[in-house]
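Have a look at input32.pdb below; it lists PDB, C-alpha atoms, pLDDT in the B column.
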ATOM      1  CA  MET A1435       0.000   0.000   0.000  1.00 50.00           C
ATOM      2  CA  SER A1436       1.432   3.380  -0.961  1.00 56.00           C
ATOM      3  CA  THR A1437       2.183   5.946   1.696  1.00 59.00           C
ATOM      4  CA  ALA A1438      -0.299   8.440   0.191  1.00 54.00           C
ATOM      5  CA  LEU A1439      -3.171   5.931   0.261  1.00 48.00           C
ATOM      6  CA  PHE A1440      -2.353   4.940   3.838  1.00 50.00           C
ATOM      7  CA  ILE A1441      -2.369   8.576   4.948  1.00 55.00           C
ATOM      8  CA  THR A1442      -5.713   9.171   3.196  1.00 54.00           C
ATOM      9  CA  LEU A1443      -7.373   6.166   4.876  1.00 52.00           C
ATOM     10  CA  ALA A1444      -6.003   7.183   8.261  1.00 54.00           C
ATOM     11  CA  ALA A1445      -7.364  10.697   7.816  1.00 53.00           C
ATOM     12  CA  ILE A1446     -10.830   9.346   6.949  1.00 54.00           C
ATOM     13  CA  ILE A1447     -10.857   7.081  10.018  1.00 53.00           C
ATOM     14  CA  ILE A1448      -9.808   9.936  12.296  1.00 51.00           C
ATOM     15  CA  LEU A1449     -12.493  12.209  10.806  1.00 50.00           C
ATOM     16  CA  VAL A1450     -15.230   9.615  11.373  1.00 43.00           C
ATOM     17  CA  CYS A1451     -14.148   9.154  14.974  1.00 44.00           C
ATOM     18  CA  LEU A1452     -14.163  12.897  15.589  1.00 40.00           C
ATOM     19  CA  LEU A1453     -17.666  13.234  14.108  1.00 41.00           C
ATOM     20  CA  ARG A1454     -18.976  10.514  16.420  1.00 44.00           C
ATOM     21  CA  ILE A1455     -17.357  12.078  19.465  1.00 38.00           C
ATOM     22  CA  PHE A1456     -18.570  15.617  18.855  1.00 39.00           C
ATOM     23  CA  ARG A1457     -21.989  14.818  17.331  1.00 41.00           C
ATOM     24  CA  PRO A1458     -24.684  16.847  19.178  1.00 39.00           C
ATOM     25  CA  ALA A1459     -26.824  14.827  21.533  1.00 35.00           C
ATOM     26  CA  PRO A1460     -30.428  14.390  20.402  1.00 33.00           C
ATOM     27  CA  SER A1461     -32.748  17.005  21.873  1.00 33.00           C
ATOM     28  CA  ILE A1462     -35.079  15.799  24.595  1.00 30.00           C
ATOM     29  CA  GLN A1463     -38.360  17.650  25.003  1.00 32.00           C
ATOM     30  CA  ASP A1464     -39.053  18.923  28.475  1.00 32.00           C
ATOM     31  CA  PRO A1465     -41.948  16.789  29.777  1.00 29.00           C
ATOM     32  CA  ARG A1466     -43.392  19.882  31.449  1.00 27.00           C
ATOM     33  CA  GLN A1467     -43.827  21.445  28.014  1.00 30.00           C
ATOM     34  CA  THR A1468     -45.626  18.338  26.792  1.00 26.00           C
ATOM     35  CA  ILE A1469     -48.002  18.406  29.731  1.00 24.00           C
ATOM     36  CA  SER A1470     -48.666  22.114  29.252  1.00 26.00           C
ATOM     37  CA  ALA A1471     -49.333  21.674  25.539  1.00 27.00           C
ATOM     38  CA  ASN A1472     -51.779  18.851  26.183  1.00 30.00           C
ATOM     39  CA  GLN A1473     -53.752  20.578  28.920  1.00 31.00           C
ATOM     40  CA  SER A1474     -57.351  21.237  27.977  1.00 31.00           C
ATOM     41  CA  VAL A1475     -59.980  23.594  29.259  1.00 32.00           C
ATOM     42  CA  ASP A1476     -61.787  20.503  30.509  1.00 35.00           C
ATOM     43  CA  ALA A1477     -58.968  20.027  32.983  1.00 36.00           C
ATOM     44  CA  ILE A1478     -59.844  23.374  34.568  1.00 35.00           C
ATOM     45  CA  ASN A1479     -63.400  22.268  35.248  1.00 38.00           C
ATOM     46  CA  ASP A1480     -63.271  18.521  35.603  1.00 42.00           C
ATOM     47  CA  PRO A1481     -66.890  17.314  35.809  1.00 44.00           C
ATOM     48  CA  ALA A1482     -65.756  14.414  37.968  1.00 38.00           C
ATOM     49  CA  LEU A1483     -64.472  16.907  40.544  1.00 33.00           C
ATOM     50  CA  GLU A1484     -66.967  19.748  40.316  1.00 45.00           C
ATOM     51  CA  ASN A1485     -69.930  18.243  38.491  1.00 70.00           C
ATOM     52  CA  VAL A1486     -69.687  20.977  35.835  1.00 85.00           C
ATOM     53  CA  TRP A1487     -69.970  24.062  38.034  1.00 92.00           C
ATOM     54  CA  TRP A1488     -71.602  26.231  35.359  1.00 93.00           C
ATOM     55  CA  ALA A1489     -74.678  23.989  35.509  1.00 92.00           C
ATOM     56  CA  ARG A1490     -75.304  25.475  38.970  1.00 92.00           C
ATOM     57  CA  LEU A1491     -75.253  29.091  37.811  1.00 93.00           C
ATOM     58  CA  ASP A1492     -78.355  31.237  37.815  1.00 91.00           C
ATOM     59  CA  THR A1493     -80.097  30.939  34.434  1.00 92.00           C
ATOM     60  CA  MET A1494     -79.313  34.528  33.441  1.00 92.00           C
ATOM     61  CA  LEU A1495     -75.646  34.056  34.326  1.00 92.00           C
ATOM     62  CA  GLN A1496     -75.628  30.822  32.357  1.00 95.00           C
ATOM     63  CA  LEU A1497     -77.001  32.652  29.332  1.00 94.00           C
ATOM     64  CA  GLU A1498     -74.516  35.489  29.767  1.00 93.00           C
ATOM     65  CA  LEU A1499     -71.584  33.063  29.963  1.00 96.00           C
ATOM     66  CA  ALA A1500     -72.861  30.985  27.042  1.00 96.00           C
ATOM     67  CA  LEU A1501     -73.146  34.096  24.858  1.00 96.00           C
ATOM     68  CA  ALA A1502     -69.753  35.435  25.923  1.00 96.00           C
ATOM     69  CA  LEU A1503     -67.987  32.163  25.134  1.00 97.00           C
ATOM     70  CA  ALA A1504     -69.843  31.779  21.843  1.00 97.00           C
ATOM     71  CA  ARG A1505     -68.657  35.241  20.821  1.00 97.00           C
ATOM     72  CA  LYS A1506     -65.081  34.282  21.681  1.00 97.00           C
ATOM     73  CA  ALA A1507     -65.326  31.086  19.635  1.00 97.00           C
ATOM     74  CA  LEU A1508     -67.154  32.718  16.712  1.00 97.00           C
ATOM     75  CA  PRO A1509     -63.922  33.464  14.738  1.00 97.00           C
ATOM     76  CA  VAL A1510     -63.497  29.694  14.318  1.00 97.00           C
ATOM     77  CA  TRP A1511     -66.708  29.614  12.279  1.00 97.00           C
ATOM     78  CA  GLN A1512     -65.941  32.846  10.437  1.00 97.00           C
ATOM     79  CA  LEU A1513     -62.451  31.773   9.365  1.00 96.00           C
ATOM     80  CA  TYR A1514     -63.782  28.411   8.237  1.00 96.00           C
ATOM     81  CA  ALA A1515     -66.521  30.105   6.201  1.00 96.00           C
ATOM     82  CA  GLU A1516     -63.951  32.265   4.412  1.00 94.00           C
ATOM     83  CA  VAL A1517     -62.111  29.209   3.100  1.00 94.00           C
ATOM     84  CA  HIS A1518     -64.766  26.509   2.809  1.00 93.00           C
ATOM     85  CA  GLY A1519     -68.126  26.515   1.135  1.00 88.00           C
ATOM     86  CA  LEU A1520     -70.947  26.272   3.656  1.00 94.00           C
ATOM     87  CA  HIS A1521     -73.169  24.030   1.595  1.00 93.00           C
ATOM     88  CA  TYR A1522     -74.345  20.450   1.321  1.00 93.00           C
ATOM     89  CA  ARG A1523     -76.687  18.149  -0.577  1.00 91.00           C
ATOM     90  CA  ASN A1524     -79.314  16.021   1.116  1.00 88.00           C
ATOM     91  CA  SER A1525     -78.896  13.438  -1.657  1.00 87.00           C
ATOM     92  CA  PRO A1526     -76.294  12.838  -4.378  1.00 85.00           C
ATOM     93  CA  ASN A1527     -78.518  14.406  -7.033  1.00 86.00           C
ATOM     94  CA  GLY A1528     -80.261  16.889  -4.766  1.00 87.00           C
ATOM     95  CA  PRO A1529     -79.954  20.668  -4.992  1.00 92.00           C
ATOM     96  CA  LEU A1530     -77.097  22.468  -3.297  1.00 92.00           C
ATOM     97  CA  VAL A1531     -78.221  23.884   0.054  1.00 94.00           C
ATOM     98  CA  LYS A1532     -76.239  26.851   1.348  1.00 95.00           C
ATOM     99  CA  VAL A1533     -75.790  27.943   4.951  1.00 96.00           C
ATOM    100  CA  ARG A1534     -75.442  31.676   5.511  1.00 96.00           C
ATOM    101  CA  PRO A1535     -72.000  32.580   6.886  1.00 96.00           C
ATOM    102  CA  ALA A1536     -73.658  35.244   9.064  1.00 97.00           C
ATOM    103  CA  LEU A1537     -76.104  32.780  10.654  1.00 97.00           C
ATOM    104  CA  LEU A1538     -74.171  32.359  13.892  1.00 98.00           C
ATOM    105  CA  GLN A1539     -73.408  36.055  14.320  1.00 97.00           C
ATOM    106  CA  ASN A1540     -77.028  36.998  13.613  1.00 96.00           C
ATOM    107  CA  SER A1541     -78.221  34.377  16.083  1.00 97.00           C
ATOM    108  CA  ILE A1542     -75.971  35.678  18.857  1.00 96.00           C
ATOM    109  CA  ASN A1543     -77.094  39.238  18.147  1.00 94.00           C
ATOM    110  CA  ALA A1544     -80.763  38.245  18.196  1.00 93.00           C
ATOM    111  CA  VAL A1545     -80.396  36.690  21.647  1.00 92.00           C
ATOM    112  CA  ASP A1546     -77.865  39.125  23.071  1.00 81.00           C
ATOM    113  CA  LEU A1547     -79.599  42.452  22.485  1.00 63.00           C
ATOM    114  CA  PRO A1548     -82.722  41.842  24.564  1.00 60.00           C
ATOM    115  CA  ALA A1549     -80.778  39.806  27.122  1.00 55.00           C
ATOM    116  CA  ASN A1550     -79.210  42.901  28.639  1.00 60.00           C
ATOM    117  CA  LEU A1551     -82.106  43.372  31.047  1.00 63.00           C
ATOM    118  CA  ARG A1552     -83.887  40.034  31.269  1.00 75.00           C
ATOM    119  CA  PHE A1553     -84.077  36.592  29.753  1.00 83.00           C
ATOM    120  CA  PRO A1554     -84.932  37.230  26.090  1.00 84.00           C
ATOM    121  CA  GLU A1555     -88.368  36.568  24.729  1.00 84.00           C
ATOM    122  CA  ASN A1556     -88.751  34.190  21.836  1.00 89.00           C
ATOM    123  CA  THR A1557     -88.924  36.883  19.163  1.00 89.00           C
ATOM    124  CA  SER A1558     -89.499  36.332  15.462  1.00 92.00           C
ATOM    125  CA  ALA A1559     -85.809  37.065  14.825  1.00 93.00           C
ATOM    126  CA  ILE A1560     -84.778  34.295  17.226  1.00 94.00           C
ATOM    127  CA  THR A1561     -87.333  31.890  15.773  1.00 95.00           C
ATOM    128  CA  ASN A1562     -86.137  32.604  12.236  1.00 96.00           C
ATOM    129  CA  CYS A1563     -82.524  31.940  13.186  1.00 96.00           C
ATOM    130  CA  TYR A1564     -83.531  28.793  15.046  1.00 97.00           C
ATOM    131  CA  ASN A1565     -85.417  27.494  12.025  1.00 96.00           C
ATOM    132  CA  GLU A1566     -82.374  28.087   9.818  1.00 96.00           C
ATOM    133  CA  PHE A1567     -80.425  25.601  11.906  1.00 97.00           C
ATOM    134  CA  VAL A1568     -82.882  22.740  11.419  1.00 95.00           C
ATOM    135  CA  SER A1569     -81.949  21.605   7.916  1.00 95.00           C
ATOM    136  CA  PRO A1570     -78.154  21.876   8.426  1.00 96.00           C
ATOM    137  CA  LEU A1571     -78.458  19.932  11.684  1.00 95.00           C
ATOM    138  CA  VAL A1572     -80.293  17.128   9.911  1.00 94.00           C
ATOM    139  CA  ALA A1573     -77.602  17.141   7.226  1.00 95.00           C
ATOM    140  CA  LEU A1574     -74.909  16.876   9.909  1.00 95.00           C
ATOM    141  CA  GLN A1575     -76.679  13.988  11.604  1.00 93.00           C
ATOM    142  CA  ASP A1576     -77.221  12.173   8.307  1.00 93.00           C
ATOM    143  CA  GLY A1577     -73.619  12.674   7.224  1.00 93.00           C
ATOM    144  CA  ASN A1578     -74.536  14.863   4.260  1.00 94.00           C
ATOM    145  CA  TRP A1579     -72.623  17.839   5.632  1.00 95.00           C
ATOM    146  CA  ALA A1580     -69.165  17.514   7.118  1.00 94.00           C
ATOM    147  CA  LEU A1581     -67.601  20.107   9.400  1.00 95.00           C
ATOM    148  CA  THR A1582     -64.324  19.988  11.262  1.00 95.00           C
ATOM    149  CA  TYR A1583     -64.842  19.160  14.922  1.00 96.00           C
ATOM    150  CA  PRO A1584     -64.185  22.661  16.355  1.00 97.00           C
ATOM    151  CA  VAL A1585     -66.450  24.290  13.750  1.00 97.00           C
ATOM    152  CA  LYS A1586     -69.175  21.795  14.529  1.00 97.00           C
ATOM    153  CA  LYS A1587     -68.802  22.594  18.229  1.00 97.00           C
ATOM    154  CA  ILE A1588     -69.400  26.331  17.834  1.00 98.00           C
ATOM    155  CA  PHE A1589     -72.247  25.659  15.401  1.00 98.00           C
ATOM    156  CA  LEU A1590     -73.967  23.437  17.977  1.00 97.00           C
ATOM    157  CA  SER A1591     -73.159  25.833  20.806  1.00 97.00           C
ATOM    158  CA  VAL A1592     -75.043  28.699  19.165  1.00 98.00           C
ATOM    159  CA  TYR A1593     -77.901  26.393  18.227  1.00 98.00           C
ATOM    160  CA  ASN A1594     -78.293  25.280  21.843  1.00 97.00           C
ATOM    161  CA  ILE A1595     -78.467  28.905  22.989  1.00 97.00           C
ATOM    162  CA  LEU A1596     -81.298  29.511  20.540  1.00 97.00           C
ATOM    163  CA  LYS A1597     -83.021  26.311  21.594  1.00 96.00           C
ATOM    164  CA  ALA A1598     -82.808  27.365  25.242  1.00 96.00           C
ATOM    165  CA  VAL A1599     -84.629  30.604  24.419  1.00 95.00           C
ATOM    166  CA  VAL A1600     -87.226  28.853  22.277  1.00 95.00           C
ATOM    167  CA  GLU A1601     -87.938  26.325  25.054  1.00 93.00           C
ATOM    168  CA  GLN A1602     -87.650  28.776  27.953  1.00 91.00           C
ATOM    169  CA  ASP A1603     -90.878  27.565  29.577  1.00 90.00           C
ATOM    170  CA  GLN A1604     -89.052  24.378  30.588  1.00 91.00           C
ATOM    171  CA  LEU A1605     -86.456  25.601  33.083  1.00 90.00           C
ATOM    172  CA  PRO A1606     -84.570  22.289  33.570  1.00 91.00           C
ATOM    173  CA  VAL A1607     -84.271  21.949  29.790  1.00 93.00           C
ATOM    174  CA  VAL A1608     -83.075  25.546  29.460  1.00 94.00           C
ATOM    175  CA  LYS A1609     -80.340  25.071  32.056  1.00 94.00           C
ATOM    176  CA  SER A1610     -79.202  21.819  30.447  1.00 94.00           C
ATOM    177  CA  LEU A1611     -79.039  23.420  26.997  1.00 96.00           C
ATOM    178  CA  LEU A1612     -77.086  26.437  28.238  1.00 96.00           C
ATOM    179  CA  SER A1613     -74.713  24.198  30.168  1.00 95.00           C
ATOM    180  CA  LEU A1614     -74.159  22.148  27.025  1.00 96.00           C
ATOM    181  CA  SER A1615     -73.557  25.291  24.969  1.00 96.00           C
ATOM    182  CA  ILE A1616     -70.937  26.502  27.451  1.00 97.00           C
ATOM    183  CA  ASN A1617     -69.175  23.161  27.306  1.00 96.00           C
ATOM    184  CA  GLN A1618     -69.207  23.117  23.497  1.00 96.00           C
ATOM    185  CA  SER A1619     -67.733  26.609  23.235  1.00 97.00           C
ATOM    186  CA  LEU A1620     -65.019  25.695  25.731  1.00 96.00           C
ATOM    187  CA  ASP A1621     -64.219  22.588  23.684  1.00 95.00           C
ATOM    188  CA  CYS A1622     -64.011  24.689  20.529  1.00 97.00           C
ATOM    189  CA  LEU A1623     -61.727  27.260  22.148  1.00 96.00           C
ATOM    190  CA  ASP A1624     -59.540  24.559  23.631  1.00 94.00           C
ATOM    191  CA  MET A1625     -59.077  22.715  20.340  1.00 95.00           C
ATOM    192  CA  CYS A1626     -58.337  25.853  18.322  1.00 93.00           C
ATOM    193  CA  LYS A1627     -56.101  27.476  20.953  1.00 91.00           C
ATOM    194  CA  LEU A1628     -57.509  30.946  20.305  1.00 89.00           C
ATOM    195  CA  TYR A1629     -56.788  31.667  23.952  1.00 93.00           C
ATOM    196  CA  SER A1630     -54.489  30.063  26.461  1.00 92.00           C
ATOM    197  CA  VAL A1631     -55.840  27.913  29.261  1.00 92.00           C
ATOM    198  CA  GLU A1632     -54.904  30.682  31.689  1.00 94.00           C
ATOM    199  CA  GLU A1633     -56.835  33.301  29.697  1.00 94.00           C
ATOM    200  CA  ILE A1634     -59.974  31.168  29.585  1.00 94.00           C
ATOM    201  CA  LYS A1635     -59.644  30.332  33.260  1.00 93.00           C
ATOM    202  CA  ALA A1636     -59.334  34.029  34.127  1.00 94.00           C
ATOM    203  CA  PHE A1637     -62.304  34.926  31.932  1.00 93.00           C
ATOM    204  CA  ILE A1638     -64.696  32.455  33.528  1.00 94.00           C
ATOM    205  CA  ALA A1639     -63.408  33.005  37.079  1.00 93.00           C
ATOM    206  CA  SER A1640     -65.911  35.771  37.861  1.00 89.00           C
ATOM    207  CA  TYR A1641     -68.814  33.513  36.915  1.00 92.00           C
ATOM    208  CA  LYS A1642     -67.484  30.702  39.041  1.00 91.00           C
ATOM    209  CA  GLY A1643     -66.970  33.166  41.877  1.00 89.00           C
ATOM    210  CA  SER A1644     -70.688  33.965  41.902  1.00 88.00           C
ATOM    211  CA  LEU A1645     -71.327  30.491  43.311  1.00 87.00           C
ATOM    212  CA  VAL A1646     -69.280  31.166  46.448  1.00 72.00           C
TER
END

Mind converting the file's structure to structure tokens?
Amino acid sequence: MSTALFITLAAIIILVCLLRIFRPAPSIQDPRQTISANQSVDAINDPALENVWWARLDTMLQLELALALARKALPVWQLYAEVHGLHYRNSPNGPLVKVRPALLQNSINAVDLPANLRFPENTSAITNCYNEFVSPLVALQDGNWALTYPVKKIFLSVYNILKAVVEQDQLPVVKSLLSLSINQSLDCLDMCKLYSVEEIKAFIASYKGSLV
């Protein structure tokens, strides 16, 4: 073996050894970061621990919280509507049925405006919005209309607020519907990370404090 070839091979071996010695160690994710990233709003209000505390709120406070959370989650629907067509067919050859992008905002406004002083009456505006939800809900249940999970959550949350107003003569039903709406909005916010867990916790703290 020539001297030049021997020197070349020796240099390669030394280089490989040096690379192995000084190779950066693989990064290890801090488990605290993993836990923080996986925390959900549900963890703040574990039903197993507190039996869903917002179910025990006064009905007006329930409505106020449901509306406030729906407004916070509304951008999820609005951003989705800007990119995706809000339409479906009830059958393969059926006509295209469109859902108004403003339906959720109009529904919140219809309930929110008269709710400033008292529980809102079932006005024609509320009834009209409520009726607009019926066909899309059937399409969702039948699998003819597909929404991403967070978008579906805010859609159902607003619907349940309307339904609570429409069925306001049945107080237990109203409280159950508003409680469900609150939970759905929290799920939506948690999945989309529009706000941090701490921000949501701080926002709902005053409502929880009313139970003390």

Just give me the gap between atom CA of A:Leu1497 and atom CA of A:Thr1561 in Å, one decimal is fine.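 Going from atom CA of A:Leu1497 over to atom CA of A:Thr1561, I get 17.1 Å.
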
Please enumerate the residues selected by the PyMOL selection byres ((chain A and resi 1507-1518) around 7) when evaluated against the supplied file, formatted as a PDB file with C-alpha atoms, in the frame of the given file.
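selection_37.pdb, written as the output of this step:
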ATOM      1  CA  LEU A1503     -67.987  32.163  25.134  1.00 97.00           C
ATOM      2  CA  ALA A1504     -69.843  31.779  21.843  1.00 97.00           C
ATOM      3  CA  ARG A1505     -68.657  35.241  20.821  1.00 97.00           C
ATOM      4  CA  LYS A1506     -65.081  34.282  21.681  1.00 97.00           C
ATOM      5  CA  GLY A1519     -68.126  26.515   1.135  1.00 88.00           C
ATOM      6  CA  LEU A1520     -70.947  26.272   3.656  1.00 94.00           C
ATOM      7  CA  PRO A1535     -72.000  32.580   6.886  1.00 96.00           C
ATOM      8  CA  VAL A1585     -66.450  24.290  13.750  1.00 97.00           C
ATOM      9  CA  ILE A1588     -69.400  26.331  17.834  1.00 98.00           C
ATOM     10  CA  SER A1619     -67.733  26.609  23.235  1.00 97.00           C
ATOM     11  CA  CYS A1622     -64.011  24.689  20.529  1.00 97.00           C
ATOM     12  CA  LEU A1623     -61.727  27.260  22.148  1.00 96.00           C
TER      13      LEU A1623
END

- Query: Which distance in Å separates atom CA of A:Asp1621 and atom CA of A:Phe1637, to one decimal?
  - Reply: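 Value for the atom CA of A:Asp1621-atom CA of A:Phe1637 distance: 15.0 Å.
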
Of the candidates A:Val1572, A:Gly1528, A:Leu1605, A:Leu1596, which one gets nearest to A:Ala1544 if we count all atoms listed in the file?
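That would be A:Leu1596, the residue with the smallest distance to A:Ala1544.
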
Check: Looking at A:Val1531, A:Leu1590, A:Val1600, A:Ile1634, which one is nearest to A:Ala1502, with distances taken over only C-alpha atoms?
Finding: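 Closest to A:Ala1502 of all the choices is A:Ile1634.
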
message: Once the PyMOL selection byres ((chain A and resi 1557) around 10) is applied to the coordinates I shared, what remains selected? I want it as a ChimeraX atom specification.
response: /A:1544-1545,1548,1554-1556,1558-1562,1599-1600

- Query: Which value, in Å to one decimal, gives the distance between atom CA of A:Phe1553 and atom CA of A:Gln1602?
  - Reply: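 About the pair atom CA of A:Phe1553 and atom CA of A:Gln1602: they are 8.8 Å apart.
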
- Which residues fall under the PyMOL selection byres ((chain A and resi 1494) around 10) in this file, as a VMD selection string? chain A and resid 1491 to 1493 1495 to 1500 1549 to 1554 1609 1612

For A:Lys1586, the closest of A:Leu1574, A:Val1568, A:Ala1639, A:Val1607 counting all atoms listed in the file is A:Leu1574

Might I get the box with edges along x, y and z of the file that holds all atoms of stretch 1638-1641 of chain A listed there, padded by 6 Å on every side, given as centre and edge lengths in Å to one decimal, as JSON?
{"center_x": -66.1, "center_y": 34.1, "center_z": 35.7, "size_x": 17.4, "size_y": 15.3, "size_z": 16.3}
